[in-house]
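Data file: final_23.cif. Format and content: mmCIF, C-alpha atoms.
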data_final
loop_
_atom_site.label_atom_id
_atom_site.label_comp_id
_atom_site.auth_asym_id
_atom_site.auth_seq_id
_atom_site.Cartn_x
_atom_site.Cartn_y
_atom_site.Cartn_z
CA MET A 71 11.79 26.17 19.54
CA ASP A 72 9.66 24.23 22.03
CA LEU A 73 8.78 20.55 21.65
CA THR A 74 5.16 21.17 20.61
CA ALA A 75 6.20 23.41 17.72
CA LYS A 76 8.75 20.83 16.57
CA LEU A 77 6.10 18.13 16.71
CA ASP A 78 3.73 20.20 14.56
CA ILE A 79 6.39 20.77 11.90
CA LEU A 80 7.95 17.31 11.81
CA SER A 81 4.71 15.31 11.93
CA ALA A 82 3.33 17.37 9.04
CA ALA A 83 6.57 16.84 7.10
CA ALA A 84 6.16 13.05 7.39
CA ARG A 85 2.62 12.88 6.00
CA TYR A 86 3.59 12.04 2.40
CA ASP A 87 5.43 8.85 3.31
CA ALA A 88 2.98 6.05 2.48
CA SER A 89 5.16 3.07 3.42
CA CYS A 90 4.03 2.97 7.02
CA SER A 91 3.04 -0.60 7.84
CA SER A 92 2.65 -2.24 11.22
CA SER A 93 2.07 -5.85 10.30
CA GLY A 94 4.24 -8.93 10.38
CA SER A 95 6.21 -8.43 13.60
CA ARG A 96 6.20 -10.61 16.71
CA ARG A 97 7.94 -8.83 19.57
CA PRO A 98 5.90 -9.72 22.70
CA ALA A 99 5.98 -7.77 25.93
CA GLN A 100 8.55 -8.79 28.55
CA ARG A 101 8.60 -8.43 32.30
CA GLY A 102 9.94 -5.06 33.34
CA GLY A 103 9.37 -3.52 29.90
CA MET A 104 6.51 -1.81 28.11
CA GLY A 105 4.76 -2.20 24.79
CA ASN A 106 3.83 -5.19 22.71
CA GLY A 107 4.84 -5.53 19.06
CA MET A 108 2.54 -8.46 18.32
CA PRO A 109 0.50 -7.98 15.10
CA SER A 110 -2.70 -7.49 17.07
CA GLY A 111 -1.05 -4.88 19.29
CA VAL A 112 -0.98 -2.10 16.72
CA CYS A 113 -4.13 -0.11 16.07
CA HIS A 114 -4.79 1.65 12.77
CA SER A 115 -6.35 5.01 12.04
CA TRP A 116 -6.75 7.19 8.96
CA ALA A 117 -5.27 10.57 8.16
CA ASP A 118 -7.31 13.37 6.61
CA ASP A 119 -5.79 12.58 3.20
CA GLY A 120 -6.97 8.95 3.38
CA ARG A 121 -3.66 7.33 4.23
CA CYS A 122 -3.40 4.69 6.92
CA ILE A 123 -1.46 5.70 10.01
CA SER A 124 -1.02 3.56 13.09
CA LEU A 125 2.14 4.88 14.74
CA LEU A 126 3.73 8.07 15.97
CA LYS A 127 4.81 9.14 12.49
CA ILE A 128 7.49 11.85 12.53
CA LEU A 129 10.74 12.96 10.96
CA LEU A 130 13.84 13.34 13.06
CA SER A 131 14.52 16.45 10.98
CA ASN A 132 13.08 18.13 7.89
CA GLN A 133 16.42 19.72 7.11
CA CYS A 134 17.92 18.13 4.00
CA VAL A 135 21.05 18.59 1.92
CA HIS A 136 19.28 17.29 -1.20
CA ASP A 137 17.06 19.28 -3.56
CA CYS A 138 14.72 16.61 -4.97
CA ALA A 139 12.11 18.16 -7.29
CA TYR A 140 9.14 16.23 -5.84
CA CYS A 141 9.93 16.60 -2.12
CA LEU A 142 8.27 19.04 0.26
CA ASN A 143 11.42 19.14 2.42
CA ARG A 144 13.91 19.87 -0.35
CA ARG A 145 16.72 22.29 0.37
CA SER A 146 15.42 25.12 -1.82
CA ASN A 147 11.93 25.26 -0.24
CA SER A 148 11.29 28.16 2.07
CA GLN A 149 9.53 26.67 5.10
CA PRO A 150 10.05 26.31 8.86
CA ARG A 151 12.84 23.88 9.68
CA ALA A 152 13.21 21.85 12.84
CA ALA A 153 15.06 18.86 14.26
CA PHE A 154 14.44 16.65 17.26
CA THR A 155 17.20 15.54 19.55
CA VAL A 156 17.54 11.84 20.35
CA ASP A 157 16.21 12.49 23.87
CA GLU A 158 13.15 14.30 22.53
CA VAL A 159 12.10 11.47 20.21
CA VAL A 160 12.54 8.91 22.98
CA ARG A 161 10.54 11.06 25.40
CA LEU A 162 7.72 11.62 22.89
CA THR A 163 7.45 7.91 22.08
CA ILE A 164 7.33 6.83 25.72
CA GLU A 165 4.94 9.57 26.83
CA PHE A 166 2.60 9.05 23.87
CA TYR A 167 2.58 5.31 24.51
CA ARG A 168 1.83 5.72 28.22
CA ARG A 169 -1.14 7.90 27.33
CA ASN A 170 -2.40 5.23 24.92
CA TYR A 171 -2.06 7.57 21.92
CA ILE A 172 0.15 5.16 19.95
CA GLU A 173 1.31 1.57 19.79
CA GLY A 174 4.67 2.21 18.16
CA LEU A 175 6.95 4.54 16.20
CA PHE A 176 7.54 5.32 12.53
CA LEU A 177 10.73 7.37 12.22
CA SER A 178 12.33 8.87 9.14
CA SER A 179 14.43 11.94 8.46
CA GLY A 180 15.81 14.37 5.95
CA ILE A 181 19.54 14.14 5.34
CA MET A 182 21.37 16.26 7.94
CA ARG A 183 25.06 16.94 7.15
CA ASP A 184 25.49 13.56 5.43
CA GLU A 185 23.95 10.09 5.23
CA ASP A 186 26.05 8.42 7.93
CA TYR A 187 25.51 11.19 10.50
CA THR A 188 21.73 11.05 10.00
CA MET A 189 21.70 7.25 10.22
CA GLU A 190 23.75 7.40 13.44
CA GLN A 191 21.10 9.65 15.01
CA LEU A 192 18.29 7.31 13.97
CA VAL A 193 20.13 4.27 15.34
CA ALA A 194 20.73 6.13 18.62
CA VAL A 195 16.98 6.67 19.00
CA VAL A 196 15.96 3.05 18.50
CA ARG A 197 18.86 1.77 20.63
CA ARG A 198 17.77 4.00 23.51
CA LEU A 199 14.17 2.86 23.21
CA ARG A 200 15.04 -0.85 23.20
CA VAL A 201 18.01 -1.02 25.57
CA GLU A 202 17.46 1.79 28.09
CA GLU A 203 13.67 2.27 28.05
CA HIS A 204 12.88 -1.44 27.43
CA PHE A 205 10.28 -0.47 24.85
CA HIS A 206 8.91 -3.55 23.05
CA GLY A 207 6.34 -1.82 20.85
CA TYR A 208 6.52 -1.71 17.07
CA ILE A 209 9.30 0.36 15.46
CA HIS A 210 9.50 1.07 11.74
CA LEU A 211 12.68 2.93 10.76
CA LYS A 212 13.58 4.49 7.44
CA ALA A 213 17.12 3.51 6.44
CA ILE A 214 19.00 6.37 4.81
CA PRO A 215 20.10 5.66 1.20
CA GLY A 216 23.89 5.83 1.03
CA ALA A 217 24.46 5.05 4.73
CA SER A 218 27.12 2.49 5.65
CA GLU A 219 26.22 -1.19 5.91
CA THR A 220 27.49 -1.26 9.52
CA LEU A 221 24.85 1.27 10.56
CA ILE A 222 22.17 -0.59 8.61
CA GLN A 223 23.07 -3.81 10.46
CA GLN A 224 22.92 -2.03 13.82
CA ALA A 225 19.52 -0.52 13.03
CA GLY A 226 18.13 -3.93 12.08
CA LEU A 227 18.78 -5.30 15.59
CA TYR A 228 16.44 -2.75 17.20
CA THR A 229 13.66 -2.33 14.64
CA ASP A 230 10.74 -4.43 13.47
CA ARG A 231 10.77 -3.13 9.92
CA LEU A 232 13.37 -1.25 7.86
CA SER A 233 12.56 0.45 4.59
CA VAL A 234 14.54 2.26 1.94
CA ASN A 235 12.47 4.44 -0.38
CA ILE A 236 13.37 3.89 -4.02
CA GLU A 237 10.84 6.65 -4.87
CA LEU A 238 11.33 6.95 -8.65
CA PRO A 239 10.74 4.09 -11.12
CA SER A 240 13.84 4.54 -13.28
CA GLU A 241 17.46 5.60 -12.97
CA CYS A 242 16.90 8.26 -15.61
CA SER A 243 14.14 9.90 -13.56
CA LEU A 244 16.26 9.62 -10.42
CA ARG A 245 19.12 11.52 -12.07
CA ARG A 246 16.76 14.21 -13.36
CA LEU A 247 14.61 14.79 -10.26
CA ALA A 248 16.94 13.74 -7.42
CA PRO A 249 20.51 14.41 -8.59
CA GLY A 250 21.90 13.96 -5.09
CA LYS A 251 20.80 10.31 -4.96
CA THR A 252 22.04 7.27 -6.88
CA ARG A 253 20.52 3.93 -7.76
CA GLU A 254 23.41 2.11 -6.10
CA GLY A 255 23.05 4.17 -2.94
CA ILE A 256 19.42 3.02 -2.67
CA LEU A 257 19.95 -0.64 -3.57
CA ARG A 258 23.00 -1.19 -1.37
CA PRO A 259 21.06 -0.83 1.93
CA MET A 260 18.37 -3.12 0.51
CA LYS A 261 20.99 -5.77 -0.14
CA ALA A 262 22.41 -5.36 3.37
CA ILE A 263 18.95 -5.78 4.92
CA ARG A 264 18.20 -8.84 2.79
CA GLN A 265 21.52 -10.40 3.77
CA GLY A 266 20.99 -9.63 7.45
CA ILE A 267 17.53 -11.22 7.42
CA ALA A 268 18.87 -14.38 5.73
CA GLU A 269 21.74 -14.69 8.23
CA ASN A 270 19.40 -14.14 11.17
CA ARG A 271 17.08 -16.92 9.98
CA THR A 272 20.05 -19.30 9.88
CA GLU A 273 21.17 -18.24 13.36
CA ARG A 274 17.73 -18.72 14.86
CA LYS A 275 17.55 -22.25 13.51
CA THR A 276 20.50 -23.15 15.74
CA SER A 277 19.65 -20.88 18.69
CA ARG A 278 16.23 -19.48 19.50
CA HIS A 279 17.96 -16.91 21.74
CA ALA A 280 19.65 -15.22 18.78
CA PRO A 281 18.51 -11.57 18.56
CA LEU A 282 15.83 -10.72 16.02
CA PHE A 283 16.83 -8.82 12.89
CA VAL A 284 14.08 -6.86 11.13
CA PRO A 285 11.41 -9.52 11.91
CA ALA A 286 8.74 -7.70 9.86
CA GLY A 287 11.00 -7.49 6.80
CA GLN A 288 11.73 -4.51 4.58
CA SER A 289 9.57 -2.38 2.31
CA THR A 290 9.87 0.57 -0.05
CA GLN A 291 7.81 3.32 -1.66
CA LEU A 292 7.37 4.35 -5.29
CA ILE A 293 6.00 7.73 -6.32
CA VAL A 294 3.47 7.35 -9.15
CA GLY A 295 2.80 10.14 -11.62
CA ALA A 296 5.74 12.49 -11.04
CA THR A 297 7.56 10.98 -14.03
CA PRO A 298 6.33 9.55 -17.37
CA GLU A 299 7.01 5.84 -16.67
CA SER A 300 4.17 3.47 -17.51
CA ASP A 301 2.39 1.07 -15.17
CA GLN A 302 4.26 -1.75 -16.89
CA GLN A 303 7.65 -0.25 -15.91
CA ILE A 304 6.48 0.33 -12.35
CA LEU A 305 5.05 -3.18 -11.95
CA ASN A 306 8.15 -4.80 -13.48
CA LEU A 307 10.33 -2.88 -11.04
CA ALA A 308 8.17 -3.94 -8.09
CA SER A 309 8.24 -7.56 -9.24
CA GLY A 310 12.03 -7.43 -9.45
CA LEU A 311 12.30 -5.96 -5.95
CA TYR A 312 10.14 -8.75 -4.54
CA GLY A 313 12.22 -11.40 -6.25
CA ASN A 314 15.73 -9.98 -5.79
CA TYR A 315 15.51 -8.26 -2.41
CA GLY A 316 12.78 -10.19 -0.62
CA LEU A 317 10.65 -7.12 0.09
CA LYS A 318 7.47 -7.57 2.09
CA ARG A 319 5.66 -4.69 0.42
CA VAL A 320 6.06 -2.07 -2.25
CA TYR A 321 3.93 0.97 -1.47
CA TYR A 322 2.63 3.19 -4.24
CA SER A 323 2.09 6.87 -3.55
CA ALA A 324 0.19 9.01 -6.04
CA PHE A 325 2.30 12.10 -6.72
CA VAL A 326 1.14 15.12 -4.76
CA PRO A 327 2.22 18.35 -6.50
CA VAL A 328 3.69 20.25 -3.55
CA ASN A 329 6.35 22.05 -5.63
CA GLN A 330 6.41 24.04 -8.85
CA ASP A 331 9.14 22.49 -10.98
CA SER A 332 9.41 22.15 -14.75
CA ARG A 333 11.04 18.73 -14.40
CA LEU A 334 7.85 17.21 -12.99
CA VAL A 335 4.94 15.85 -15.03
CA PRO A 336 2.20 18.50 -14.85
CA THR A 337 -0.70 17.46 -12.61
CA GLU A 338 -3.29 19.25 -10.52
CA CYS A 339 -4.18 16.51 -8.07
CA PRO A 340 -3.01 13.01 -7.09
CA ASP A 341 -4.13 10.21 -9.42
CA LEU A 342 -5.59 8.03 -6.69
CA LEU A 343 -7.34 5.68 -9.14
CA ARG A 344 -4.02 4.80 -10.78
CA GLU A 345 -2.50 4.22 -7.34
CA HIS A 346 -5.44 1.93 -6.48
CA ARG A 347 -5.08 -0.11 -9.67
CA LEU A 348 -1.34 -0.56 -9.03
CA TYR A 349 -2.06 -1.87 -5.54
CA GLN A 350 -4.55 -4.34 -7.02
CA ALA A 351 -2.03 -5.51 -9.62
CA ASP A 352 0.68 -5.73 -6.98
CA TRP A 353 -1.59 -7.96 -4.90
CA LEU A 354 -2.05 -10.30 -7.88
CA VAL A 355 1.72 -10.51 -8.42
CA ARG A 356 2.59 -11.07 -4.76
CA LEU A 357 -0.14 -13.45 -3.73
CA TYR A 358 -2.25 -14.73 -6.65
CA GLY A 359 0.46 -16.24 -8.83
CA PHE A 360 0.28 -13.70 -11.67
CA SER A 361 3.39 -12.31 -13.30
CA ALA A 362 3.83 -8.68 -14.28
CA GLY A 363 4.12 -9.76 -17.92
CA GLU A 364 0.65 -11.35 -17.82
CA LEU A 365 -1.04 -8.17 -16.65
CA LEU A 366 0.74 -5.63 -18.85
CA SER A 367 2.75 -5.60 -22.06
CA ALA A 368 4.50 -3.18 -24.40
CA ASP A 369 1.30 -2.95 -26.44
CA ASN A 370 -0.81 -2.38 -23.33
CA PRO A 371 1.47 -0.63 -20.79
CA PHE A 372 -1.21 0.94 -18.56
CA LEU A 373 -3.75 -0.74 -16.29
CA ASP A 374 -7.44 -0.51 -17.18
CA ARG A 375 -9.01 2.36 -15.28
CA GLU A 376 -12.55 0.95 -15.50
CA LEU A 377 -11.90 -2.66 -14.45
CA ASP A 378 -9.76 -4.24 -11.78
CA PRO A 379 -6.63 -5.99 -13.15
CA LYS A 380 -7.92 -9.53 -12.66
CA THR A 381 -11.15 -8.86 -14.52
CA ALA A 382 -9.28 -7.02 -17.28
CA TRP A 383 -6.92 -10.01 -17.63
CA ALA A 384 -9.87 -12.42 -17.79
CA LEU A 385 -11.51 -10.41 -20.57
CA GLY A 386 -8.26 -10.54 -22.52
CA HIS A 387 -7.90 -14.33 -22.14
CA PRO A 388 -11.25 -15.89 -23.11
CA GLU A 389 -9.45 -19.18 -23.86
CA CYS A 390 -9.02 -19.72 -20.09
CA PHE A 391 -12.74 -19.55 -19.35
CA PRO A 392 -15.24 -20.70 -18.30
CA VAL A 393 -13.66 -22.45 -15.30
CA ASP A 394 -15.43 -25.54 -13.99
CA LEU A 395 -15.64 -25.05 -10.23
CA ARG A 396 -16.16 -28.79 -9.70
CA ARG A 397 -12.72 -29.73 -11.05
CA ALA A 398 -10.43 -26.67 -11.22
CA ASP A 399 -7.42 -26.66 -8.91
CA TYR A 400 -6.86 -23.99 -6.26
CA ASN A 401 -4.48 -21.85 -8.36
CA THR A 402 -6.92 -21.82 -11.27
CA LEU A 403 -9.75 -20.77 -8.98
CA LEU A 404 -7.68 -17.79 -7.82
CA ARG A 405 -7.61 -16.46 -11.38
CA VAL A 406 -11.39 -16.19 -11.60
CA PRO A 407 -12.75 -12.67 -11.04
CA GLY A 408 -14.87 -12.61 -7.92
CA ILE A 409 -13.01 -15.49 -6.22
CA GLY A 410 -10.39 -14.75 -3.57
CA PHE A 411 -8.31 -16.74 -1.12
CA LYS A 412 -11.07 -17.65 1.28
CA SER A 413 -13.69 -18.47 -1.33
CA ALA A 414 -11.19 -20.57 -3.35
CA ALA A 415 -10.27 -22.54 -0.22
CA ARG A 416 -13.92 -23.02 0.69
CA ILE A 417 -14.77 -24.26 -2.80
CA ALA A 418 -11.86 -26.73 -2.76
CA SER A 419 -12.94 -27.99 0.66
CA ALA A 420 -16.71 -28.11 0.08
CA ARG A 421 -16.60 -30.09 -3.15
CA ARG A 422 -14.81 -32.94 -1.38
CA PHE A 423 -18.01 -33.72 0.52
CA ALA A 424 -20.85 -32.75 -1.83
CA ALA A 425 -21.54 -31.53 -5.33
CA LEU A 426 -21.48 -27.76 -5.62
CA ARG A 427 -24.75 -26.04 -6.46
CA PRO A 428 -25.06 -22.52 -7.88
CA GLU A 429 -26.99 -21.36 -4.83
CA ASP A 430 -24.07 -22.43 -2.61
CA LEU A 431 -21.55 -20.12 -4.26
CA PRO A 432 -22.56 -16.82 -2.59
CA LYS A 433 -22.44 -18.60 0.78
CA LEU A 434 -18.84 -19.62 0.00
CA GLY A 435 -17.89 -16.00 -0.61
CA VAL A 436 -17.99 -15.92 -4.41
CA VAL A 437 -18.87 -12.47 -5.80
CA MET A 438 -21.40 -13.61 -8.38
CA LYS A 439 -21.74 -10.16 -9.93
CA ARG A 440 -18.30 -10.71 -11.54
CA ALA A 441 -17.73 -14.46 -11.34
CA ARG A 442 -20.95 -15.53 -13.11
CA TYR A 443 -19.51 -14.68 -16.52
CA PHE A 444 -16.40 -16.85 -16.06
CA ILE A 445 -17.50 -20.03 -14.28
CA VAL A 446 -19.39 -23.28 -14.79
CA CYS A 447 -20.94 -25.14 -11.89
CA GLY A 448 -22.72 -28.02 -13.50
CA PRO A 449 -25.35 -27.67 -16.23
CA ALA A 450 -27.47 -25.48 -13.98
CA LEU A 451 -25.02 -22.57 -14.14
CA LEU A 452 -23.53 -21.57 -17.46
CA PRO A 453 -21.95 -18.22 -18.21
CA PRO A 454 -24.19 -15.90 -20.23
CA ALA A 455 -23.22 -15.90 -23.90
CA LEU A 456 -22.17 -12.29 -24.38
CA ALA A 457 -19.86 -10.70 -26.89
CA ALA A 458 -16.66 -9.25 -25.44
CA ASP A 459 -17.75 -5.64 -25.80
CA ARG A 460 -21.17 -6.36 -24.30
CA LEU A 461 -19.60 -8.29 -21.42
CA ARG A 462 -17.34 -5.35 -20.66
CA LEU A 463 -20.34 -3.05 -20.50
CA GLN A 464 -22.05 -5.44 -18.10
CA LEU A 465 -18.99 -5.53 -15.82
CA VAL A 466 -18.32 -1.80 -15.92
CA GLY A 467 -21.98 -1.02 -15.41
CA THR A 468 -22.25 1.65 -18.12
CA ASP A 469 -24.65 -0.01 -20.52
CA PRO A 470 -25.84 2.74 -22.93
CA SER A 471 -29.23 1.03 -23.32
CA THR A 472 -30.18 1.92 -19.74
CA PRO A 473 -30.97 5.46 -18.52
CA ALA A 474 -28.07 7.34 -16.99
CA GLU A 475 -28.33 7.69 -13.24
CA THR A 476 -26.62 9.75 -10.59
CA TRP A 477 -26.81 9.94 -6.84
CA VAL A 478 -27.19 13.09 -4.82
CA GLN A 479 -25.06 13.29 -1.68
CA PRO A 480 -27.45 13.56 1.28
CA GLU A 481 -27.14 16.81 3.22
CA LEU A 482 -26.62 16.68 6.95
CA PHE A 483 -29.04 19.56 7.59
CA GLY A 484 -31.20 20.15 4.53
CA ARG A 485 -34.11 18.88 2.53
CA SER A 486 -35.62 15.73 3.97
CA ASP A 487 -36.00 14.08 0.56
CA LEU A 488 -32.27 14.46 -0.19
CA ALA A 489 -31.39 13.34 3.30
CA ALA A 490 -33.31 10.17 2.60
CA GLY A 491 -30.91 9.41 -0.24
CA PHE A 492 -33.46 9.21 -3.06
CA LEU A 493 -32.33 8.33 -6.55
CA VAL A 494 -32.27 11.07 -9.16
CA ASP A 495 -32.95 10.07 -12.77
CA ARG A 496 -31.78 12.20 -15.65
CA VAL A 497 -34.44 11.91 -18.31
CA GLU A 498 -33.91 12.71 -21.97
CA SER A 499 -35.50 16.15 -21.65
CA GLY A 500 -32.77 17.10 -19.20
CA THR A 501 -35.13 17.53 -16.26
CA GLN A 502 -34.66 15.69 -12.98
CA GLU A 503 -37.34 14.14 -10.82
CA LEU A 504 -36.99 12.65 -7.39
CA MET A 505 -38.25 9.09 -7.30
CA LYS A 506 -40.71 8.34 -4.56
CA ASP A 507 -39.34 4.93 -3.68
CA ALA A 508 -36.22 5.24 -1.51
CA ARG A 509 -33.58 3.15 -3.24
CA PHE A 510 -30.20 3.43 -1.60
CA PRO A 511 -26.93 3.10 -3.53
CA SER A 512 -24.74 0.05 -3.24
CA PRO A 513 -21.45 0.70 -1.36
CA ASN A 514 -19.59 -0.63 -4.41
CA ARG A 515 -21.32 1.55 -6.96
#
Re-express the file's structure as structure tokens.
Amino acid sequence: MDLTAKLDILSAAARYDASCSSSGSRRPAQRGGMGNGMPSGVCHSWADDGRCISLLKILLSNQCVHDCAYCLNRRSNSQPRAAFTVDEVVRLTIEFYRRNYIEGLFLSSGIMRDEDYTMEQLVAVVRRLRVEEHFHGYIHLKAIPGASETLIQQAGLYTDRLSVNIELPSECSLRRLAPGKTREGILRPMKAIRQGIAENRTERKTSRHAPLFVPAGQSTQLIVGATPESDQQILNLASGLYGNYGLKRVYYSAFVPVNQDSRLVPTECPDLLREHRLYQADWLVRLYGFSAGELLSADNPFLDRELDPKTAWALGHPECFPVDLRRADYNTLLRVPGIGFKSAARIASARRFAALRPEDLPKLGVVMKRARYFIVCGPALLPPALAADRLRLQLVGTDPSTPAETWVQPELFGRSDLAAGFLVDRVESGTQELMKDARFPSPNR
């Protein structure tokens, strides 16, 4: 099989891995080498399925000894199989970089023979790139669950980010859908990476010439929707991984039904809205000071599909609002819907020099469409007195007292009135009339 055919097969086989990040590393170019792993040195693009890709994203091999129910590359699937050699991956990376196609490499693999053999091949690739080819671009390597800690430590010396996919939210689901994998086999490499990062930080405090070890940290991926676990279970697991293993990111991947298997939760298409809400909740846990227990509970185990998690939390805790923007501390400001990092910092800075006025808030980055119901900014700005159910309707934008509206997608080559993006109103009689005034939809609608 020629190299082009292998590339077609093994790049397509890697498309469902969402944990492909290129941020957080600082590996500058050096004289006599090539590439630059600085954060600004990696460009991002988007795949046809909407996932962010920024690197040469391939598998070393799509051959696998496991038969995981959710995986496209499982042993029992009848599909073309291929495997790169170490030389071929190195050649592809260098040649693609020289042609300005990529800024780095994302490399994973199915399990060939056994875990240690596969990990040895992956380590050989990154060692060749760093030591022999003097490649200083970004490298994200997938550590193989069950591989030895020695190989994990070696891989960490040549990569910017290591990740171990935990994939399923519970040990019960792991045993049912991926019987060849174990919870301990997944967590052991995570522990080894965490320990290596901690030791490297200590070494670099005494010697700045100490080699880097996984400078961009480690991450993992969770498949959402293949098993019946709730959002609460998923978010609690993610919170535990952040706290116990020091992960930089947990990536959530809506389950794509690529196999027919009775063990999987029936679904026709990926639940991208649920994936989106989990990312929003994850952001609140990692960066906004929320805990998983504040956002979800046993009585309410799933995230609101109509409202973002922060707004849903605010509606459930009316005792915390309204927040006085003139006096609230920074952490309290972050809990207000419509206020983010930058706007909270601007508010805290601006009020040191002058009294805040309502008209100043949009200039500071406050999204008044959401924030206006939860803030006070002097007597001139008070939150509208609305009942909880009415407030929810205002925020969701589905007030039954207003006529239902829909937007027609403009055609590229078609009727000029549709191409203009006119609003279509559905009147009670069921007929539709094109409005003569061209009102364009909001991007956030």
Can you measure atom CA of Leu177 of chain A to atom CA of Ile209 of chain A for me? One decimal in Å is fine. 7.9 Å
What lies within 6 Å of Gln291 of chain A using all atoms listed in the file, ignoring chain neighbours under 3 positions off, as number ranges by chain? A: 89, 235, 237, 320-322
Once the PyMOL selection byres ((chain A and resi 356-359) around 9) has been applied to the shown file, what residues remain in the selection, as a list in words?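 On this input, the PyMOL selection byres ((chain A and resi 356-359) around 9) captures Ser309, Tyr312, Arg319, Ala351, Asp352, Trp353, Leu354, Val355, Phe360, Ser361, Asn401, Leu404, Arg405, Gly410 and Phe411 of chain A.
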Can you tell me, as a PyMOL selection string, what residues are no more than 10 Å from Lys439 of chain A when counting all atoms listed in the file, ignoring any on the same chain fewer than 5 positions away? chain A and resi 407-408+432+464-465
Keeping only C-alpha atoms, take the residues you just selected and write them out as a PDB file, keeping the file's coordinate frame.
ATOM      1  CA  PRO A 407     -12.750 -12.670 -11.040  1.00  0.00           C
ATOM      2  CA  GLY A 408     -14.870 -12.610  -7.920  1.00  0.00           C
ATOM      3  CA  PRO A 432     -22.560 -16.820  -2.590  1.00  0.00           C
ATOM      4  CA  GLN A 464     -22.050  -5.440 -18.100  1.00  0.00           C
ATOM      5  CA  LEU A 465     -18.990  -5.530 -15.820  1.00  0.00           C
TER       6      LEU A 465
END
Just give me the gap between atom CA of Thr276 of chain A and atom CA of Ala225 of chain A in Å, one decimal is fine.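 Taking atom CA of Thr276 of chain A as the start and atom CA of Ala225 of chain A as the end point, the length is 22.8 Å.
Distances from A:Thr188, A:Thr155, A:Gly435, A:Gln223 to Lys261 of chain A were compared using all atoms listed in the file, and the smallest one belongs to A:Gln223.
In this structure, atom CA of Glu345 of chain A sits 29.2 Å away from atom CA of Ser148 of chain A.
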My list of candidates is A:Ala99, A:Val201, A:Leu142, A:Ala458. Which is closest to Pro327 of chain A when distances are computed with only C-alpha atoms?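 The closest residue to Pro327 of chain A is A:Leu142.
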Since I can't run it myself right now, could you work out what the PyMOL selection byres ((chain A and resi 232) around 6) selects here and report it as a PyMOL selection string? chain A and resi 210-212+231+233+288
Counting only C-alpha atoms, figure out which residue out of A:Ile417, A:Leu247, A:Leu431, A:Ala457 gets nearest to Val335 of chain A.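 Selected residue with least distance to Val335 of chain A: A:Leu247.
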Using all atoms listed in the file, can you tell me which of A:Leu199, A:Ala262, A:Leu317, A:Leu395 comes closest to Ala420 of chain A?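 Smallest distance to Ala420 of chain A is found for A:Leu395.
Using all atoms listed in the file, the shortest contact distance between Asp369 of chain A and any of A:Tyr208, A:Val406, A:Phe444, A:Gln302 is found at A:Gln302.
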Met104 of chain A environment, 8 Å, all atoms listed in the file, sequence neighbours closer than 2 positions dropped, as a PyMOL selection string: chain A and resi 99-100+102+106+204-207
Go ahead and save the residues from that selection, with C-alpha atoms, as a short mmCIF file (atom, residue, chain, number, x, y, z; two decimals), in the coordinates of the input.
data_model
loop_
_atom_site.label_atom_id
_atom_site.label_comp_id
_atom_site.auth_asym_id
_atom_site.auth_seq_id
_atom_site.Cartn_x
_atom_site.Cartn_y
_atom_site.Cartn_z
CA ALA A 99 5.98 -7.77 25.93
CA GLN A 100 8.55 -8.79 28.55
CA GLY A 102 9.94 -5.06 33.34
CA ASN A 106 3.83 -5.19 22.71
CA HIS A 204 12.88 -1.44 27.43
CA PHE A 205 10.28 -0.47 24.85
CA HIS A 206 8.91 -3.55 23.05
CA GLY A 207 6.34 -1.82 20.85
#
Check the smallest atom-to-atom distance from each of A:Ser289, A:Ser179, A:Asn270, A:Thr229 to Arg200 of chain A using all atoms listed in the file, then report the winner. A:Thr229
List the residues selected by the PyMOL selection byres ((chain A and resi 343) around 12) in the file shown, writing them as a PDB file with C-alpha atoms, keeping the file's coordinate frame.
ATOM      1  CA  VAL A 294       3.470   7.350  -9.150  1.00  0.00           C
ATOM      2  CA  GLY A 295       2.800  10.140 -11.620  1.00  0.00           C
ATOM      3  CA  TYR A 322       2.630   3.190  -4.240  1.00  0.00           C
ATOM      4  CA  SER A 323       2.090   6.870  -3.550  1.00  0.00           C
ATOM      5  CA  ALA A 324       0.190   9.010  -6.040  1.00  0.00           C
ATOM      6  CA  PHE A 325       2.300  12.100  -6.720  1.00  0.00           C
ATOM      7  CA  CYS A 339      -4.180  16.510  -8.070  1.00  0.00           C
ATOM      8  CA  PRO A 340      -3.010  13.010  -7.090  1.00  0.00           C
ATOM      9  CA  ASP A 341      -4.130  10.210  -9.420  1.00  0.00           C
ATOM     10  CA  LEU A 342      -5.590   8.030  -6.690  1.00  0.00           C
ATOM     11  CA  ARG A 344      -4.020   4.800 -10.780  1.00  0.00           C
ATOM     12  CA  GLU A 345      -2.500   4.220  -7.340  1.00  0.00           C
ATOM     13  CA  HIS A 346      -5.440   1.930  -6.480  1.00  0.00           C
ATOM     14  CA  ARG A 347      -5.080  -0.110  -9.670  1.00  0.00           C
ATOM     15  CA  LEU A 348      -1.340  -0.560  -9.030  1.00  0.00           C
ATOM     16  CA  TYR A 349      -2.060  -1.870  -5.540  1.00  0.00           C
ATOM     17  CA  GLN A 350      -4.550  -4.340  -7.020  1.00  0.00           C
ATOM     18  CA  LEU A 373      -3.750  -0.740 -16.290  1.00  0.00           C
ATOM     19  CA  ASP A 374      -7.440  -0.510 -17.180  1.00  0.00           C
ATOM     20  CA  ARG A 375      -9.010   2.360 -15.280  1.00  0.00           C
ATOM     21  CA  GLU A 376     -12.550   0.950 -15.500  1.00  0.00           C
ATOM     22  CA  LEU A 377     -11.900  -2.660 -14.450  1.00  0.00           C
ATOM     23  CA  ASP A 378      -9.760  -4.240 -11.780  1.00  0.00           C
TER      24      ASP A 378
END
